[in-house]
$ cat structure.cif   # mmCIF, C-alpha atoms and all ligand atoms
data_run
loop_
_atom_site.group_PDB
_atom_site.id
_atom_site.type_symbol
_atom_site.label_atom_id
_atom_site.label_comp_id
_atom_site.auth_asym_id
_atom_site.auth_seq_id
_atom_site.Cartn_x
_atom_site.Cartn_y
_atom_site.Cartn_z
ATOM 1 C CA MET A 1 0.000 0.000 0.000
ATOM 2 C CA LEU A 2 1.154 3.558 -0.713
ATOM 3 C CA TYR A 3 0.617 6.011 2.128
ATOM 4 C CA ILE A 4 0.721 9.631 0.993
ATOM 5 C CA VAL A 5 1.671 11.482 4.158
ATOM 6 C CA ALA A 6 1.441 15.244 4.671
ATOM 7 C CA THR A 7 4.246 16.658 6.825
ATOM 8 C CA PRO A 8 4.817 20.110 8.409
ATOM 9 C CA ILE A 9 5.413 23.251 6.315
ATOM 10 C CA GLY A 10 7.707 24.640 8.979
ATOM 11 C CA ASN A 11 6.613 23.840 12.501
ATOM 12 C CA LEU A 12 7.610 20.258 13.344
ATOM 13 C CA LYS A 13 4.576 19.932 15.633
ATOM 14 C CA ASP A 14 2.158 20.232 12.695
ATOM 15 C CA ILE A 15 1.856 16.526 12.022
ATOM 16 C CA THR A 16 -0.960 14.156 12.940
ATOM 17 C CA PHE A 17 -0.743 11.190 15.322
ATOM 18 C CA ARG A 18 -1.824 9.012 12.433
ATOM 19 C CA ALA A 19 0.996 10.307 10.200
ATOM 20 C CA ILE A 20 3.575 9.427 12.866
ATOM 21 C CA GLU A 21 2.010 6.003 13.387
ATOM 22 C CA ILE A 22 2.129 5.297 9.632
ATOM 23 C CA LEU A 23 5.719 6.543 9.245
ATOM 24 C CA LYS A 24 6.728 4.227 12.107
ATOM 25 C CA SER A 25 5.014 1.237 10.510
ATOM 26 C CA VAL A 26 5.966 1.319 6.803
ATOM 27 C CA ASP A 27 8.841 -0.585 5.163
ATOM 28 C CA LEU A 28 10.274 2.440 3.383
ATOM 29 C CA ILE A 29 9.803 6.222 3.323
ATOM 30 C CA ALA A 30 10.206 7.925 -0.076
ATOM 31 C CA CYS A 31 11.342 11.532 0.538
ATOM 32 C CA GLU A 32 12.053 14.468 -1.723
ATOM 33 C CA ASP A 33 15.274 15.113 0.225
ATOM 34 C CA THR A 34 16.257 12.408 2.713
ATOM 35 C CA ARG A 35 18.408 14.829 4.764
ATOM 36 C CA HIS A 36 15.506 17.237 5.116
ATOM 37 C CA THR A 37 13.046 14.515 6.183
ATOM 38 C CA LYS A 38 15.620 13.065 8.610
ATOM 39 C CA ILE A 39 15.121 16.130 10.834
ATOM 40 C CA LEU A 40 11.424 15.247 11.181
ATOM 41 C CA LEU A 41 12.056 11.516 11.608
ATOM 42 C CA ASP A 42 14.720 12.123 14.277
ATOM 43 C CA HIS A 43 12.415 14.539 16.103
ATOM 44 C CA TYR A 44 9.784 11.795 16.466
ATOM 45 C CA GLY A 45 12.238 8.899 16.962
ATOM 46 C CA ILE A 46 11.189 7.257 13.681
ATOM 47 C CA LYS A 47 13.833 4.797 12.543
ATOM 48 C CA LYS A 48 12.846 3.606 9.092
ATOM 49 C CA PRO A 49 14.811 3.325 5.860
ATOM 50 C CA THR A 50 14.430 6.283 3.517
ATOM 51 C CA THR A 51 15.036 6.736 -0.187
ATOM 52 C CA SER A 52 15.058 9.846 -2.323
ATOM 53 C CA PHE A 53 12.259 10.464 -4.794
ATOM 54 C CA PHE A 54 12.586 13.839 -6.473
ATOM 55 C CA GLN A 55 12.165 15.713 -9.718
ATOM 56 C CA HIS A 56 15.163 14.217 -11.524
ATOM 57 C CA ASN A 57 14.811 10.547 -10.556
ATOM 58 C CA ARG A 58 11.021 10.450 -10.491
ATOM 59 C CA PHE A 59 10.676 8.026 -13.407
ATOM 60 C CA THR A 60 13.389 5.480 -12.488
ATOM 61 C CA LYS A 61 12.729 5.694 -8.757
ATOM 62 C CA GLY A 62 9.003 5.573 -9.415
ATOM 63 C CA GLU A 63 9.415 2.196 -11.169
ATOM 64 C CA TYR A 64 11.572 0.943 -8.292
ATOM 65 C CA LEU A 65 8.971 1.982 -5.708
ATOM 66 C CA LEU A 66 6.221 0.459 -7.821
ATOM 67 C CA GLY A 67 8.146 -2.836 -7.812
ATOM 68 C CA LEU A 68 8.227 -2.787 -4.003
ATOM 69 C CA LEU A 69 4.517 -1.987 -3.788
ATOM 70 C CA LYS A 70 3.754 -4.866 -6.157
ATOM 71 C CA LYS A 71 5.703 -7.190 -3.851
ATOM 72 C CA GLY A 72 3.383 -6.169 -1.026
ATOM 73 C CA LYS A 73 5.643 -3.676 0.738
ATOM 74 C CA ASN A 74 4.216 -0.610 2.464
ATOM 75 C CA VAL A 75 5.718 2.649 1.252
ATOM 76 C CA ALA A 76 5.137 6.153 2.640
ATOM 77 C CA LEU A 77 5.531 9.152 0.360
ATOM 78 C CA VAL A 78 6.458 12.483 1.920
ATOM 79 C CA SER A 79 7.665 15.771 0.431
ATOM 80 C CA ASP A 80 9.989 18.409 1.875
ATOM 81 C CA ALA A 81 7.016 20.348 3.152
ATOM 82 C CA GLY A 82 3.271 19.971 3.265
ATOM 83 C CA THR A 83 1.145 17.791 1.073
ATOM 84 C CA PRO A 84 2.799 15.451 -1.439
ATOM 85 C CA GLY A 85 1.421 15.972 -4.920
ATOM 86 C CA ILE A 86 0.871 19.708 -4.462
ATOM 87 C CA LEU A 87 3.635 21.054 -6.715
ATOM 88 C CA ASP A 88 6.156 18.342 -5.992
ATOM 89 C CA PRO A 89 7.113 15.051 -7.676
ATOM 90 C CA GLY A 90 4.622 13.094 -5.549
ATOM 91 C CA TYR A 91 2.157 13.576 -8.391
ATOM 92 C CA ASN A 92 4.098 11.138 -10.604
ATOM 93 C CA LEU A 93 4.164 8.319 -8.065
ATOM 94 C CA ILE A 94 0.497 8.817 -7.205
ATOM 95 C CA ASN A 95 -0.406 8.420 -10.883
ATOM 96 C CA LEU A 96 1.831 5.397 -11.363
ATOM 97 C CA THR A 97 0.152 3.786 -8.364
ATOM 98 C CA ILE A 98 -3.327 4.516 -9.743
ATOM 99 C CA LYS A 99 -2.433 3.064 -13.174
ATOM 100 C CA ASN A 100 -1.190 -0.114 -11.523
ATOM 101 C CA ASN A 101 -4.254 -0.563 -9.329
ATOM 102 C CA ILE A 102 -2.308 -0.436 -6.118
ATOM 103 C CA ASP A 103 -4.082 0.603 -2.948
ATOM 104 C CA MET A 104 -3.259 3.983 -1.544
ATOM 105 C CA THR A 105 -4.510 6.398 1.041
ATOM 106 C CA PHE A 106 -3.789 9.958 2.110
ATOM 107 C CA ILE A 107 -2.913 11.053 5.618
ATOM 108 C CA PRO A 108 -3.947 14.732 5.536
ATOM 109 C CA GLY A 109 -2.052 17.623 7.051
ATOM 110 C CA PRO A 110 -0.671 21.060 6.197
ATOM 111 C CA THR A 111 -0.657 22.711 2.764
ATOM 112 C CA ALA A 112 0.847 26.182 2.514
ATOM 113 C CA PHE A 113 -1.896 27.662 0.349
ATOM 114 C CA ILE A 114 -4.704 26.583 2.698
ATOM 115 C CA ASP A 115 -2.860 28.147 5.621
ATOM 116 C CA ALA A 116 -2.445 31.446 3.725
ATOM 117 C CA LEU A 117 -5.972 31.441 2.335
ATOM 118 C CA VAL A 118 -7.512 30.986 5.768
ATOM 119 C CA LEU A 119 -5.315 33.697 7.310
ATOM 120 C CA SER A 120 -5.984 36.084 4.421
ATOM 121 C CA GLY A 121 -9.611 36.592 5.360
ATOM 122 C CA LYS A 122 -10.427 36.697 1.631
ATOM 123 C CA PRO A 123 -13.461 34.743 0.360
ATOM 124 C CA ALA A 124 -12.491 31.075 0.380
ATOM 125 C CA HIS A 125 -15.758 29.564 -0.831
ATOM 126 C CA GLU A 126 -14.447 29.924 -4.379
ATOM 127 C CA PHE A 127 -10.751 30.284 -5.146
ATOM 128 C CA TYR A 128 -8.221 29.458 -7.842
ATOM 129 C CA PHE A 129 -4.861 27.958 -6.979
ATOM 130 C CA ALA A 130 -2.430 29.109 -9.677
ATOM 131 C CA GLY A 131 0.691 27.387 -8.308
ATOM 132 C CA PHE A 132 3.977 29.115 -9.174
ATOM 133 C CA LEU A 133 3.815 32.064 -11.556
ATOM 134 C CA PRO A 134 6.151 31.809 -14.585
ATOM 135 C CA ASN A 135 9.783 32.899 -13.987
ATOM 136 C CA LYS A 136 10.072 35.152 -17.022
ATOM 137 C CA LYS A 137 8.512 38.617 -16.935
ATOM 138 C CA ILE A 138 6.489 38.501 -20.160
ATOM 139 C CA ALA A 139 5.094 35.033 -19.439
ATOM 140 C CA ARG A 140 4.299 36.070 -15.861
ATOM 141 C CA LYS A 141 2.488 39.248 -16.960
ATOM 142 C CA ASN A 142 0.463 37.289 -19.537
ATOM 143 C CA ARG A 143 -0.482 34.712 -16.955
ATOM 144 C CA LEU A 144 -1.533 37.398 -14.486
ATOM 145 C CA ILE A 145 -3.651 39.098 -17.158
ATOM 146 C CA LYS A 146 -5.438 35.780 -17.783
ATOM 147 C CA LEU A 147 -5.872 35.197 -14.054
ATOM 148 C CA SER A 148 -7.292 38.709 -13.597
ATOM 149 C CA LYS A 149 -10.360 37.647 -15.609
ATOM 150 C CA LEU A 150 -11.368 35.139 -12.929
ATOM 151 C CA GLU A 151 -14.004 36.285 -10.465
ATOM 152 C CA CYS A 152 -12.685 34.584 -7.361
ATOM 153 C CA THR A 153 -9.813 34.678 -4.891
ATOM 154 C CA LEU A 154 -6.438 33.852 -6.499
ATOM 155 C CA VAL A 155 -3.669 31.987 -4.721
ATOM 156 C CA CYS A 156 -0.032 31.735 -5.945
ATOM 157 C CA TYR A 157 3.191 30.343 -4.567
ATOM 158 C CA GLU A 158 6.361 32.403 -4.817
ATOM 159 C CA SER A 159 9.998 32.093 -3.794
ATOM 160 C CA CYS A 160 12.112 34.759 -2.113
ATOM 161 C CA HIS A 161 14.065 35.196 -5.366
ATOM 162 C CA ARG A 162 11.038 36.275 -7.387
ATOM 163 C CA ILE A 163 8.581 37.775 -4.896
ATOM 164 C CA ILE A 164 9.579 41.385 -5.688
ATOM 165 C CA ALA A 165 9.289 40.951 -9.465
ATOM 166 C CA ALA A 166 5.981 39.086 -9.036
ATOM 167 C CA LEU A 167 4.527 41.809 -6.788
ATOM 168 C CA GLU A 168 5.583 44.495 -9.275
ATOM 169 C CA ASP A 169 3.670 42.676 -12.008
ATOM 170 C CA ILE A 170 0.682 42.089 -9.695
ATOM 171 C CA ARG A 171 0.637 45.849 -8.968
ATOM 172 C CA GLU A 172 0.579 46.590 -12.704
ATOM 173 C CA VAL A 173 -2.110 44.063 -13.608
ATOM 174 C CA PHE A 174 -4.396 44.266 -10.570
ATOM 175 C CA GLY A 175 -3.821 47.863 -9.481
ATOM 176 C CA GLU A 176 -3.722 49.096 -5.916
ATOM 177 C CA ARG A 177 -6.215 46.742 -4.286
ATOM 178 C CA GLU A 178 -5.576 45.012 -0.962
ATOM 179 C CA ILE A 179 -3.753 41.718 -1.358
ATOM 180 C CA VAL A 180 -2.298 39.368 1.247
ATOM 181 C CA VAL A 181 1.206 37.923 1.383
ATOM 182 C CA GLY A 182 1.901 35.063 3.800
ATOM 183 C CA ARG A 183 5.563 34.510 4.588
ATOM 184 C CA GLU A 184 7.233 31.705 6.548
ATOM 185 C CA LEU A 185 3.858 30.349 7.656
ATOM 186 C CA THR A 186 3.872 28.286 10.863
ATOM 187 C CA LYS A 187 7.543 29.212 11.382
ATOM 188 C CA LYS A 188 9.187 31.465 13.962
ATOM 189 C CA PHE A 189 9.133 34.527 11.666
ATOM 190 C CA GLU A 190 5.630 33.978 10.274
ATOM 191 C CA GLU A 191 4.266 37.176 8.775
ATOM 192 C CA VAL A 192 0.939 37.986 7.120
ATOM 193 C CA LEU A 193 0.971 41.270 5.213
ATOM 194 C CA ARG A 194 -2.424 42.708 4.251
ATOM 195 C CA ALA A 195 -1.944 45.809 2.126
ATOM 196 C CA THR A 196 -1.659 47.077 -1.434
ATOM 197 C CA PRO A 197 1.090 45.600 -3.655
ATOM 198 C CA GLN A 198 2.968 48.931 -3.409
ATOM 199 C CA ALA A 199 2.894 48.988 0.406
ATOM 200 C CA ILE A 200 3.985 45.335 0.591
ATOM 201 C CA LEU A 201 6.798 46.000 -1.891
ATOM 202 C CA GLU A 202 8.013 48.900 0.230
ATOM 203 C CA LYS A 203 8.064 46.676 3.320
ATOM 204 C CA LEU A 204 9.760 43.731 1.634
ATOM 205 C CA GLN A 205 12.353 45.915 -0.083
ATOM 206 C CA ILE A 206 13.710 47.263 3.219
ATOM 207 C CA SER A 207 15.921 44.167 3.381
ATOM 208 C CA LYS A 208 16.412 41.241 0.987
ATOM 209 C CA PRO A 209 13.202 39.136 1.138
ATOM 210 C CA ARG A 210 13.741 35.803 2.830
ATOM 211 C CA GLY A 211 11.735 32.640 3.179
ATOM 212 C CA GLU A 212 8.761 31.179 1.344
ATOM 213 C CA PHE A 213 5.709 33.084 0.207
ATOM 214 C CA VAL A 214 2.058 32.612 -0.666
ATOM 215 C CA VAL A 215 0.259 35.500 -2.387
ATOM 216 C CA ILE A 216 -3.523 35.917 -2.152
ATOM 217 C CA ILE A 217 -5.251 38.318 -4.544
HETATM 218 N N1 LIG B 301 3.760 20.596 -1.095
HETATM 219 C C1 LIG B 301 3.798 21.946 -0.574
HETATM 220 C C2 LIG B 301 2.432 22.301 0.014
HETATM 221 O O1 LIG B 301 1.685 21.383 0.400
HETATM 222 O O2 LIG B 301 2.101 23.483 0.180
HETATM 223 C C3 LIG B 301 4.237 22.957 -1.622
HETATM 224 C C4 LIG B 301 5.580 22.660 -2.231
HETATM 225 S S1 LIG B 301 6.151 23.927 -3.309
HETATM 226 C C5 LIG B 301 7.521 23.101 -4.025
HETATM 227 C C6 LIG B 301 6.987 25.053 -2.223
HETATM 228 C C7 LIG B 301 6.277 26.413 -2.134
HETATM 229 O O3 LIG B 301 5.218 26.332 -1.183
HETATM 230 C C8 LIG B 301 7.169 27.536 -1.621
HETATM 231 O O4 LIG B 301 7.945 28.135 -2.642
HETATM 232 C C9 LIG B 301 6.151 28.520 -1.060
HETATM 233 O O5 LIG B 301 5.560 29.291 -2.080
HETATM 234 C C10 LIG B 301 5.091 27.553 -0.484
HETATM 235 N N2 LIG B 301 5.390 27.293 0.941
HETATM 236 C C11 LIG B 301 5.809 26.144 1.486
HETATM 237 N N3 LIG B 301 5.962 26.280 2.821
HETATM 238 C C12 LIG B 301 5.623 27.557 3.115
HETATM 239 C C13 LIG B 301 5.569 28.319 4.317
HETATM 240 N N4 LIG B 301 5.893 27.790 5.491
HETATM 241 N N5 LIG B 301 5.160 29.608 4.242
HETATM 242 C C14 LIG B 301 4.829 30.168 3.060
HETATM 243 N N6 LIG B 301 4.852 29.488 1.887
HETATM 244 C C15 LIG B 301 5.253 28.208 1.923
#

$ encode --input "structure.cif" --output "structure tokens" --more "lines below"
Ligand code: SAM
Amino acid sequence: MLYIVATPIGNLKDITFRAIEILKSVDLIACEDTRHTKILLDHYGIKKPTTSFFQHNRFTKGEYLLGLLKKGKNVALVSDAGTPGILDPGYNLINLTIKNNIDMTFIPGPTAFIDALVLSGKPAHEFYFAGFLPNKKIARKNRLIKLSKLECTLVCYESCHRIIAALEDIREVFGEREIVVGRELTKKFEEVLRATPQAILEKLQISKPRGEFVVII
């Protein structure tokens, strides 16, 4: 059986009892980065073999993991942060498992965009999760223009390297309306900025932006 296990997005305490129980019971834990997941496993005294399953080995390692599942082994899939399958290679293994009729289940837990959406106070009964915006300016602007046609709350992920450029484009496309930027959610320096793109830019530009970001428009 494949157990898709959500893990914390920052605060090691954000994990369910069931997730810990499953991680303690499986034969193997497939991790995006084994060193990263080791911190969590050590914290909870979980001593299980791990293997890496990430973007660049997702096809070969996926076949290997499938072989183990077919032999009746129990495998847990975790990502570096949050819910496997939400913008990480978990998606590939989940699909391979479905195609091969192997049982699987999901042990729910944190997802960064749900955390930010709830904290934003913006309408959450209808929202669009746009994932990461394109890296290149023209592609990003075009995507934002398309997204601006939607009549619901928009949610995007962004890294510290591109948050300034993304906010500049958001300011241009959406104008000076109130948006929300969640930074380092659940972590020691968690911050939720509710202001116009210009005001948020001014705040973030005081020093080099650090950490991980979710933008709610
Ligand atoms: N699987 C993850 C999830 O369930 O949310 C998302 C993985 S994606 C590769 C990583 C992105 O998620 C980051 O660049 C950032 O936009 C967002 N993210 C993850 N952890 C976060 C946190 N603690 N605070 C804010 N954003 C976070």

$ resolve_selection --input "structure.cif" --expression "the PyMOL selection byres (((not hetatm)) within 6 of (chain B and resi 301))" --output "list in words"
Ile9, Gly10, Ala81, Gly82, Thr83, Pro84, Ile86, Leu87, Asp88, Thr111, Ala112, Phe113, Tyr157, Glu158, Ser159, Gly182, Arg183, Glu184, Leu185, Thr186, Glu212, Phe213 and Val214 of chain A

$ closest_atom_pairs --input "structure.cif" --of "region 169-215 of chain A" --to "region 122-146 of chain A" --cutoff "10 Å" --atoms "all atoms listed in the file" --output "JSON lines"
{"residue": "A:Asp169", "atom": "CA", "partner": "A:Lys141", "partner_atom": "CA", "distance": 6.1}
{"residue": "A:Ile170", "atom": "CA", "partner": "A:Leu144", "partner_atom": "CA", "distance": 7.1}
{"residue": "A:Glu172", "atom": "CA", "partner": "A:Lys141", "partner_atom": "CA", "distance": 8.7}
{"residue": "A:Val173", "atom": "CA", "partner": "A:Ile145", "partner_atom": "CA", "distance": 6.3}
{"residue": "A:Phe174", "atom": "CA", "partner": "A:Ile145", "partner_atom": "CA", "distance": 8.4}
{"residue": "A:Glu178", "atom": "CA", "partner": "A:Lys122", "partner_atom": "CA", "distance": 10.0}
{"residue": "A:Ile179", "atom": "CA", "partner": "A:Lys122", "partner_atom": "CA", "distance": 8.9}
{"residue": "A:Val180", "atom": "CA", "partner": "A:Lys122", "partner_atom": "CA", "distance": 8.6}
{"residue": "A:Val214", "atom": "CA", "partner": "A:Gly131", "partner_atom": "CA", "distance": 9.4}

$ residues_around --input "structure.cif" --residues "region 101-106 of chain A" --least-positions-apart "5" --cutoff "10 Å" --atoms "only C-alpha atoms" --output "list in words"
Met1, Leu2, Tyr3, Ile4, Val5, Ala6, Ala19, Leu66, Leu69, Lys70, Gly72, Asn74, Val75, Ala76, Leu77, Thr83, Pro84, Ile94, Asn95 and Leu96 of chain A

$ atom_distance --input "structure.cif" --atom1 "CA of Glu190 (chain A)" --atom2 "CA of Asn11 (chain A)"
10.4 Å

$ closest_residue --input "structure.cif" --among "A:Ile217, A:Val78, A:Ala30, A:Cys160" --to "Ala116 (chain A)" --atoms "all atoms listed in the file"
A:Ile217

$ resolve_selection --input "structure.cif" --expression "the PyMOL selection byres (((chain A and resi 27) around 8) and not hetatm)" --output "PyMOL selection string"
chain A and resi 25-26+28-29+48-49+73-75

$ residues_near_point --input "structure.cif" --point "(2.6, 44.6, -5.8)" --cutoff "9 Å" --atoms "all atoms listed in the file" --output "list in words"
Ile164, Ala165, Ala166, Leu167, Glu168, Asp169, Ile170, Arg171, Glu172, Phe174, Gly175, Glu176, Ile179, Thr196, Pro197, Gln198, Ala199, Ile200 and Leu201 of chain A

$ atom_distance --input "structure.cif" --atom1 "CA of Asp14 (chain A)" --atom2 "CA of Gly109 (chain A)"
7.5 Å

$ axis_aligned_box --input "structure.cif" --around "region 161-171 of chain A" --padding-each-side "6 Å" --output "JSON"
{"center_x": 7.4, "center_y": 40.5, "center_z": -8.5, "size_x": 25.4, "size_y": 22.7, "size_z": 19.1}

$ atom_distance --input "structure.cif" --atom1 "CA of Tyr91 (chain A)" --atom2 "CA of Ser52 (chain A)"
14.7 Å

$ closest_residue --input "structure.cif" --among "A:Thr60, A:Tyr44, A:His36, A:Thr153" --to "Val118 (chain A)" --atoms "all atoms listed in the file"
A:Thr153

$ closest_residue --input "structure.cif" --among "A:Ser79, A:Asn92, A:Leu117, A:Lys149" --to "Arg58 (chain A)" --atoms "all atoms listed in the file"
A:Asn92

$ closest_residue --input "structure.cif" --among "A:Arg194, A:Arg162, A:Lys61, A:His43" --to "Cys31 (chain A)" --atoms "all atoms listed in the file"
A:Lys61

$ residues_around --input "structure.cif" --residues "Val181 (chain A)" --least-positions-apart "3" --cutoff "6 Å" --atoms "all atoms listed in the file" --output "list in words"
Val192, Leu193, Val214 and Val215 of chain A

$ closest_residue --input "structure.cif" --among "A:Ile107, A:Thr51, A:Thr34, A:Ile39" --to "Glu21 (chain A)" --atoms "only C-alpha atoms"
A:Ile107

$ closest_residue --input "structure.cif" --among "A:Cys156, A:Gln55, A:Arg18, A:Lys13" --to "Asp33 (chain A)" --atoms "only C-alpha atoms"
A:Gln55
